[in-house]
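Peer 1: Supplied in structure tokens, the structure appears directly below.
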Amino acid sequence: MACFRKRNNERGTPRGPSRESCFVELRIEKMVQGGEGMGRLPDGRVCFVAGALPGELCKVLLTIQKKDFTRGRVLEILEQNPHRVKPRCPLYGRCGGCSLQHLDSERQAEYLAQVERENFKRLAHADLPANFKVHTGNPWNYRNRARVVFCGSREGCSCFGFREQESNHAIAFKNCPVLTQGLNDFLKGPAKSIRARELNVFDNGKGQVSYYYDGMPASEFQKNAVSLVDIGGRQIQSDASVFFQSNLGLLPELVDAVCKAVDDGIATGEASDEWLIDLFSGVGFFAALLQDRFKRVTTVERDEGCLRHAKVNLSAKAENVSAPAEDWLAENVVDIPATLIVDPPRTGLPKAALEAIARSSVKKMIYVSCDPVTLARDFAKLAEFGFVMKSAEAFAFYPQTPHMEMLAVLSR
């Protein structure tokens, strides 16, 4: 391993136990969570390498050295993976938005599926189903929701950008290849009069772009932030300040999978049409699409902005509860085979929620996850309570990045 001396307190050098930064030739064994390549140093330590692909021989700069692992970035590719491609974006490697543009778009789902299989084997001691599928869509110009940063004015127009990698500094773009053309056009057009430091923008898929910024006046909010999206035969109301799915092109496939899981549960008797419980329900998206199938509907969401939209999206029979999901579960008895949908944040299900589900009469649950790692962790706990995985699918909502969402159908 060759090394060159560089003091740790120099700007831009991550701190670690070693006072020298080193470079090393490293064979990459596999891709791991987060899209990094993984190899092993001669001393046996694992090294996670940004920008490396499985099978490649790379010259790697070690940027962080710990007792049991290291991190680095590629300086030179000595032997190249055949699926490596030239990134499309001229800002790739600087912008913090994408980290997989160096991997052929047609192969990204294949690599990420293997990562998730290993995650479940390592964290849940379980195998994903043999028919585990990753749903994919358009790999470019797909992203209909984003947060951009104001970068100043140029030639009379505002410039917007994203945060740089591992930095709070912003880097301006002229045309982002993953944003919808509607968003790109908007940020070069009417947005030139907006002077907010950060701007949330949302393209509803019909050429209408809504936006939101902190401190937005109520009169402007109603006019410019609220949006309507047609999905699953319904019109769903939301706004640019709250969470909504960022890939409308692929979203119908997730909707179809959730509806199928619900119908299968009712048909087999594992669940019933007596009661739909939708936890972490956001704007009431899933409940709005499914409410006609059930006699009783309860949504549970703590964000007041989301709840305002849920009251519009759902019929009068729905009960929209403002509370943390774990608190509601702890205080309410679910003593019938209700249909349960959970769509938690990246942190997964709180411990109290897991225990309340275990004590309930729920025999089938539909888990929509934005982080497969926490899904694997939660499944390991749910398996202790008798749940088994009936099916699992993934959805590549964020091409050119390592992020995927998953749908797991569990029953006991």
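A note on labels: chains of the structure tokens are A, B, ... as shown, every chain counts residues from 1, and ligands are counted from 1 in their shown order.
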I need the strand (DSSP E) residues of segment 166-309 of chain A per DSSP on the backbone, written as a VMD selection string.

Peer 2: chain A and resid 170 to 172 198 to 203 209 to 212 226 to 231 234 to 239 276 to 279 297 to 301

Peer 1: Pull N, CA and C atoms from the residues just selected and write them as a CSV table (one decimal), in the first residue's frame.

Peer 2:
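Below is the file that was written, again.csv:
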chain,number,residue,atom,x,y,z
A,170,ALA,N,-23.7,25.2,-2.8
A,170,ALA,CA,-24.6,24.8,-3.9
A,170,ALA,C,-23.9,24.9,-5.2
A,171,ILE,N,-24.3,24.1,-6.2
A,171,ILE,CA,-23.7,24.1,-7.5
A,171,ILE,C,-24.9,24.3,-8.5
A,172,ALA,N,-24.8,25.3,-9.3
A,172,ALA,CA,-25.9,25.7,-10.2
A,172,ALA,C,-25.9,24.7,-11.4
A,198,GLU,N,-34.2,28.6,-0.6
A,198,GLU,CA,-34.5,27.2,-1.1
A,198,GLU,C,-35.9,27.1,-1.6
A,199,LEU,N,-36.1,26.3,-2.6
A,199,LEU,CA,-37.4,26.3,-3.2
A,199,LEU,C,-37.8,24.8,-3.4
A,200,ASN,N,-39.0,24.4,-2.9
A,200,ASN,CA,-39.6,23.1,-3.3
A,200,ASN,C,-40.4,23.2,-4.5
A,201,VAL,N,-40.2,22.4,-5.5
A,201,VAL,CA,-40.9,22.4,-6.7
A,201,VAL,C,-41.5,21.1,-7.0
A,202,PHE,N,-42.7,21.1,-7.6
A,202,PHE,CA,-43.5,19.8,-7.9
A,202,PHE,C,-44.2,20.0,-9.3
A,203,ASP,N,-43.9,19.0,-10.1
A,203,ASP,CA,-44.6,18.9,-11.4
A,203,ASP,C,-45.7,17.8,-11.3
A,209,VAL,N,-46.7,23.3,-12.6
A,209,VAL,CA,-45.6,23.2,-11.5
A,209,VAL,C,-46.1,24.1,-10.4
A,210,SER,N,-46.0,23.5,-9.2
A,210,SER,CA,-46.3,24.2,-7.9
A,210,SER,C,-45.0,24.4,-7.2
A,211,TYR,N,-44.9,25.4,-6.3
A,211,TYR,CA,-43.7,25.6,-5.6
A,211,TYR,C,-44.0,26.1,-4.2
A,212,TYR,N,-43.0,26.0,-3.3
A,212,TYR,CA,-43.2,26.4,-1.9
A,212,TYR,C,-41.8,26.9,-1.4
A,226,VAL,N,-50.3,24.6,-3.9
A,226,VAL,CA,-51.3,23.4,-3.9
A,226,VAL,C,-51.3,22.8,-5.3
A,227,SER,N,-51.4,21.5,-5.4
A,227,SER,CA,-51.4,20.8,-6.7
A,227,SER,C,-52.4,19.7,-6.6
A,228,LEU,N,-52.8,19.2,-7.8
A,228,LEU,CA,-53.7,18.1,-8.0
A,228,LEU,C,-53.0,17.1,-8.9
A,229,VAL,N,-53.0,15.8,-8.5
A,229,VAL,CA,-52.4,14.7,-9.3
A,229,VAL,C,-53.5,13.7,-9.6
A,230,ASP,N,-53.6,13.3,-10.8
A,230,ASP,CA,-54.5,12.2,-11.2
A,230,ASP,C,-53.8,10.9,-11.2
A,231,ILE,N,-54.2,10.0,-10.3
A,231,ILE,CA,-53.6,8.7,-10.2
A,231,ILE,C,-54.6,7.6,-9.7
A,234,ARG,N,-58.3,8.6,-9.5
A,234,ARG,CA,-58.7,9.6,-8.6
A,234,ARG,C,-57.8,10.8,-8.7
A,235,GLN,N,-58.3,11.9,-8.2
A,235,GLN,CA,-57.6,13.2,-8.1
A,235,GLN,C,-57.1,13.4,-6.7
A,236,ILE,N,-55.8,13.4,-6.5
A,236,ILE,CA,-55.2,13.5,-5.1
A,236,ILE,C,-54.7,15.0,-5.0
A,237,GLN,N,-55.1,15.6,-3.9
A,237,GLN,CA,-54.6,17.0,-3.6
A,237,GLN,C,-53.4,16.9,-2.7
A,238,SER,N,-52.4,17.7,-2.9
A,238,SER,CA,-51.2,17.8,-2.1
A,238,SER,C,-50.7,19.2,-2.3
A,239,ASP,N,-49.5,19.5,-1.8
A,239,ASP,CA,-48.8,20.8,-2.0
A,239,ASP,C,-47.3,20.6,-2.0
A,276,LEU,N,-59.9,-0.5,7.2
A,276,LEU,CA,-58.6,-0.2,6.6
A,276,LEU,C,-57.9,0.8,7.6
A,277,ILE,N,-56.7,0.4,8.0
A,277,ILE,CA,-55.9,1.2,8.9
A,277,ILE,C,-54.6,1.6,8.1
A,278,ASP,N,-54.5,2.9,7.9
A,278,ASP,CA,-53.3,3.4,7.1
A,278,ASP,C,-52.5,4.2,8.0
A,279,LEU,N,-51.3,3.7,8.4
A,279,LEU,CA,-50.4,4.4,9.3
A,279,LEU,C,-49.3,5.1,8.5
A,297,VAL,N,-62.6,3.4,7.6
A,297,VAL,CA,-61.2,3.8,7.2
A,297,VAL,C,-60.6,4.7,8.2
A,298,THR,N,-59.4,4.4,8.7
A,298,THR,CA,-58.7,5.3,9.6
A,298,THR,C,-57.3,5.6,9.1
A,299,THR,N,-57.0,6.8,9.0
A,299,THR,CA,-55.6,7.2,8.6
A,299,THR,C,-55.0,7.9,9.9
A,300,VAL,N,-53.7,7.6,10.0
A,300,VAL,CA,-53.0,8.2,11.2
A,300,VAL,C,-51.7,8.9,10.6
A,301,GLU,N,-51.6,10.2,10.9
A,301,GLU,CA,-50.5,11.0,10.4
A,301,GLU,C,-50.3,12.2,11.4

Peer 1: Could you list, as an mmCIF file with all heavy atoms, in the first residue's frame, every residue within 8 Å of Val46 of chain A, counting only C-alpha atoms and ignoring same-chain residues fewer than 5 positions away?

Peer 2:
data_model
loop_
_atom_site.group_PDB
_atom_site.id
_atom_site.type_symbol
_atom_site.label_atom_id
_atom_site.label_comp_id
_atom_site.auth_asym_id
_atom_site.auth_seq_id
_atom_site.Cartn_x
_atom_site.Cartn_y
_atom_site.Cartn_z
ATOM 1 N N MET A 38 -17.237 -2.306 -2.611
ATOM 2 C CA MET A 38 -16.579 -2.788 -1.396
ATOM 3 C C MET A 38 -15.423 -3.695 -1.750
ATOM 4 O O MET A 38 -15.553 -4.590 -2.587
ATOM 5 C CB MET A 38 -17.557 -3.539 -0.499
ATOM 6 C CG MET A 38 -17.017 -3.804 0.903
ATOM 7 S SD MET A 38 -17.713 -5.294 1.681
ATOM 8 C CE MET A 38 -16.701 -6.578 0.930
ATOM 9 N N GLY A 39 -14.284 -3.446 -1.149
ATOM 10 C CA GLY A 39 -13.121 -4.315 -1.292
ATOM 11 C C GLY A 39 -12.468 -4.495 0.060
ATOM 12 O O GLY A 39 -12.935 -3.967 1.075
ATOM 13 N N ARG A 40 -11.348 -5.228 0.081
ATOM 14 C CA ARG A 40 -10.644 -5.464 1.342
ATOM 15 C C ARG A 40 -9.177 -5.097 1.181
ATOM 16 O O ARG A 40 -8.530 -5.475 0.210
ATOM 17 C CB ARG A 40 -10.784 -6.924 1.786
ATOM 18 C CG ARG A 40 -12.215 -7.309 2.129
ATOM 19 C CD ARG A 40 -12.317 -8.737 2.635
ATOM 20 N NE ARG A 40 -13.705 -9.122 2.836
ATOM 21 C CZ ARG A 40 -14.393 -8.871 3.947
ATOM 22 N NH1 ARG A 40 -13.790 -8.258 4.952
ATOM 23 N NH2 ARG A 40 -15.648 -9.231 4.058
ATOM 24 N N LEU A 41 -8.667 -4.363 2.170
ATOM 25 C CA LEU A 41 -7.268 -3.986 2.186
ATOM 26 C C LEU A 41 -6.408 -5.191 2.571
ATOM 27 O O LEU A 41 -6.913 -6.180 3.117
ATOM 28 C CB LEU A 41 -7.048 -2.848 3.187
ATOM 29 C CG LEU A 41 -7.825 -1.557 2.923
ATOM 30 C CD1 LEU A 41 -7.493 -0.530 4.004
ATOM 31 C CD2 LEU A 41 -7.521 -1.001 1.551
ATOM 32 N N ASP A 68 -11.649 -0.723 12.081
ATOM 33 C CA ASP A 68 -12.205 -1.916 11.434
ATOM 34 C C ASP A 68 -12.730 -1.684 10.022
ATOM 35 O O ASP A 68 -13.220 -2.624 9.393
ATOM 36 C CB ASP A 68 -13.306 -2.517 12.302
ATOM 37 C CG ASP A 68 -14.366 -1.492 12.683
ATOM 38 O OD1 ASP A 68 -14.169 -0.302 12.366
ATOM 39 O OD2 ASP A 68 -15.372 -1.876 13.292
ATOM 40 N N PHE A 69 -12.676 -0.448 9.511
ATOM 41 C CA PHE A 69 -13.088 -0.210 8.134
ATOM 42 C C PHE A 69 -12.449 1.079 7.627
ATOM 43 O O PHE A 69 -11.916 1.887 8.406
ATOM 44 C CB PHE A 69 -14.613 -0.134 8.006
ATOM 45 C CG PHE A 69 -15.200 1.176 8.497
ATOM 46 C CD1 PHE A 69 -15.451 2.214 7.600
ATOM 47 C CD2 PHE A 69 -15.487 1.373 9.839
ATOM 48 C CE1 PHE A 69 -15.972 3.422 8.042
ATOM 49 C CE2 PHE A 69 -16.018 2.572 10.287
ATOM 50 C CZ PHE A 69 -16.259 3.601 9.384
ATOM 51 N N THR A 70 -12.499 1.263 6.317
ATOM 52 C CA THR A 70 -11.987 2.484 5.696
ATOM 53 C C THR A 70 -12.960 2.928 4.613
ATOM 54 O O THR A 70 -13.820 2.166 4.170
ATOM 55 C CB THR A 70 -10.604 2.262 5.045
ATOM 56 O OG1 THR A 70 -10.734 1.303 3.986
ATOM 57 C CG2 THR A 70 -9.590 1.758 6.055
#

Peer 1: Which polymer residues have any atom within 12 Å of an atom of Met389 of chain A, counting only C-alpha atoms, with same-chain residues fewer than 5 positions away left out, as a list in words?

Peer 2: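 The residues that qualify are Phe120, Ala124, Ala126, Asp127, Leu128, Pro129, Ala130, Phe132, Lys363, Lys364, Met365, Ile366, Tyr367, Leu375, Ala376, Asp378, Phe379, Ala380, Leu382, Ala383, Leu407, Ala408, Val409, Leu410, Ser411 and Arg412 of chain A.
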
Peer 1: Using the chain letters and numbers from this document, which residues of segment 179-338 of chain A does DSSP assign to helix (DSSP H, G or I), as a ChimeraX atom specification?

Peer 2: /A:181-188,190-193,218-224,251-268,285-293,304-313,325-331

Peer 1: For the residues selected in the previous step, produce a file with C-alpha atoms as an mmCIF file, in the first residue's frame.

Peer 2:
data_model
loop_
_atom_site.group_PDB
_atom_site.id
_atom_site.type_symbol
_atom_site.label_atom_id
_atom_site.label_comp_id
_atom_site.auth_asym_id
_atom_site.auth_seq_id
_atom_site.Cartn_x
_atom_site.Cartn_y
_atom_site.Cartn_z
ATOM 1 C CA GLN A 181 -38.612 18.868 -18.520
ATOM 2 C CA GLY A 182 -41.470 20.747 -16.868
ATOM 3 C CA LEU A 183 -39.333 21.463 -13.813
ATOM 4 C CA ASN A 184 -36.309 22.397 -15.916
ATOM 5 C CA ASP A 185 -38.399 24.820 -17.948
ATOM 6 C CA PHE A 186 -40.003 26.288 -14.836
ATOM 7 C CA LEU A 187 -36.674 26.955 -13.149
ATOM 8 C CA LYS A 188 -35.502 28.814 -16.245
ATOM 9 C CA PRO A 190 -41.321 32.025 -14.153
ATOM 10 C CA ALA A 191 -39.063 31.091 -11.247
ATOM 11 C CA LYS A 192 -36.717 33.943 -12.156
ATOM 12 C CA SER A 193 -38.796 36.278 -9.971
ATOM 13 C CA ALA A 218 -50.925 32.193 2.871
ATOM 14 C CA SER A 219 -52.455 33.916 -0.161
ATOM 15 C CA GLU A 220 -49.528 32.891 -2.354
ATOM 16 C CA PHE A 221 -49.509 29.362 -0.862
ATOM 17 C CA GLN A 222 -53.044 28.592 -1.990
ATOM 18 C CA LYS A 223 -52.340 29.939 -5.464
ATOM 19 C CA ASN A 224 -48.870 28.523 -6.134
ATOM 20 C CA LEU A 251 -46.081 5.328 -9.181
ATOM 21 C CA PRO A 252 -49.015 3.478 -10.851
ATOM 22 C CA GLU A 253 -47.076 0.205 -10.586
ATOM 23 C CA LEU A 254 -46.758 0.632 -6.821
ATOM 24 C CA VAL A 255 -50.466 1.496 -6.611
ATOM 25 C CA ASP A 256 -51.367 -1.666 -8.561
ATOM 26 C CA ALA A 257 -49.193 -3.805 -6.279
ATOM 27 C CA VAL A 258 -50.755 -2.373 -3.113
ATOM 28 C CA CYS A 259 -54.298 -2.824 -4.473
ATOM 29 C CA LYS A 260 -53.547 -6.417 -5.445
ATOM 30 C CA ALA A 261 -52.162 -7.176 -1.975
ATOM 31 C CA VAL A 262 -55.282 -5.674 -0.379
ATOM 32 C CA ASP A 263 -57.650 -7.645 -2.607
ATOM 33 C CA ASP A 264 -55.728 -10.891 -2.056
ATOM 34 C CA GLY A 265 -55.906 -10.425 1.709
ATOM 35 C CA ILE A 266 -59.670 -9.955 1.635
ATOM 36 C CA ALA A 267 -60.167 -12.874 -0.775
ATOM 37 C CA THR A 268 -58.167 -15.308 1.391
ATOM 38 C CA PHE A 285 -52.830 8.692 -0.679
ATOM 39 C CA PHE A 286 -53.361 4.924 -0.308
ATOM 40 C CA ALA A 287 -56.520 5.293 1.763
ATOM 41 C CA ALA A 288 -58.049 7.576 -0.877
ATOM 42 C CA LEU A 289 -57.468 4.966 -3.573
ATOM 43 C CA LEU A 290 -58.784 2.085 -1.433
ATOM 44 C CA GLN A 291 -61.588 3.646 0.620
ATOM 45 C CA ASP A 292 -64.424 2.300 -1.558
ATOM 46 C CA ARG A 293 -63.394 -1.256 -0.641
ATOM 47 C CA GLU A 304 -50.774 18.806 10.070
ATOM 48 C CA GLY A 305 -50.038 19.945 6.516
ATOM 49 C CA CYS A 306 -50.638 16.424 5.232
ATOM 50 C CA LEU A 307 -53.802 16.044 7.296
ATOM 51 C CA ARG A 308 -55.362 19.123 5.696
ATOM 52 C CA HIS A 309 -55.099 17.420 2.324
ATOM 53 C CA ALA A 310 -56.258 14.044 3.686
ATOM 54 C CA LYS A 311 -59.563 15.627 4.728
ATOM 55 C CA VAL A 312 -60.056 16.678 1.103
ATOM 56 C CA ASN A 313 -58.855 13.413 -0.441
ATOM 57 C CA ALA A 325 -48.617 6.014 14.723
ATOM 58 C CA GLU A 326 -47.152 4.274 17.770
ATOM 59 C CA ASP A 327 -49.294 6.352 20.134
ATOM 60 C CA TRP A 328 -52.472 5.573 18.229
ATOM 61 C CA LEU A 329 -51.667 1.859 18.151
ATOM 62 C CA ALA A 330 -50.964 1.818 21.874
ATOM 63 C CA GLU A 331 -54.305 3.461 22.681
#
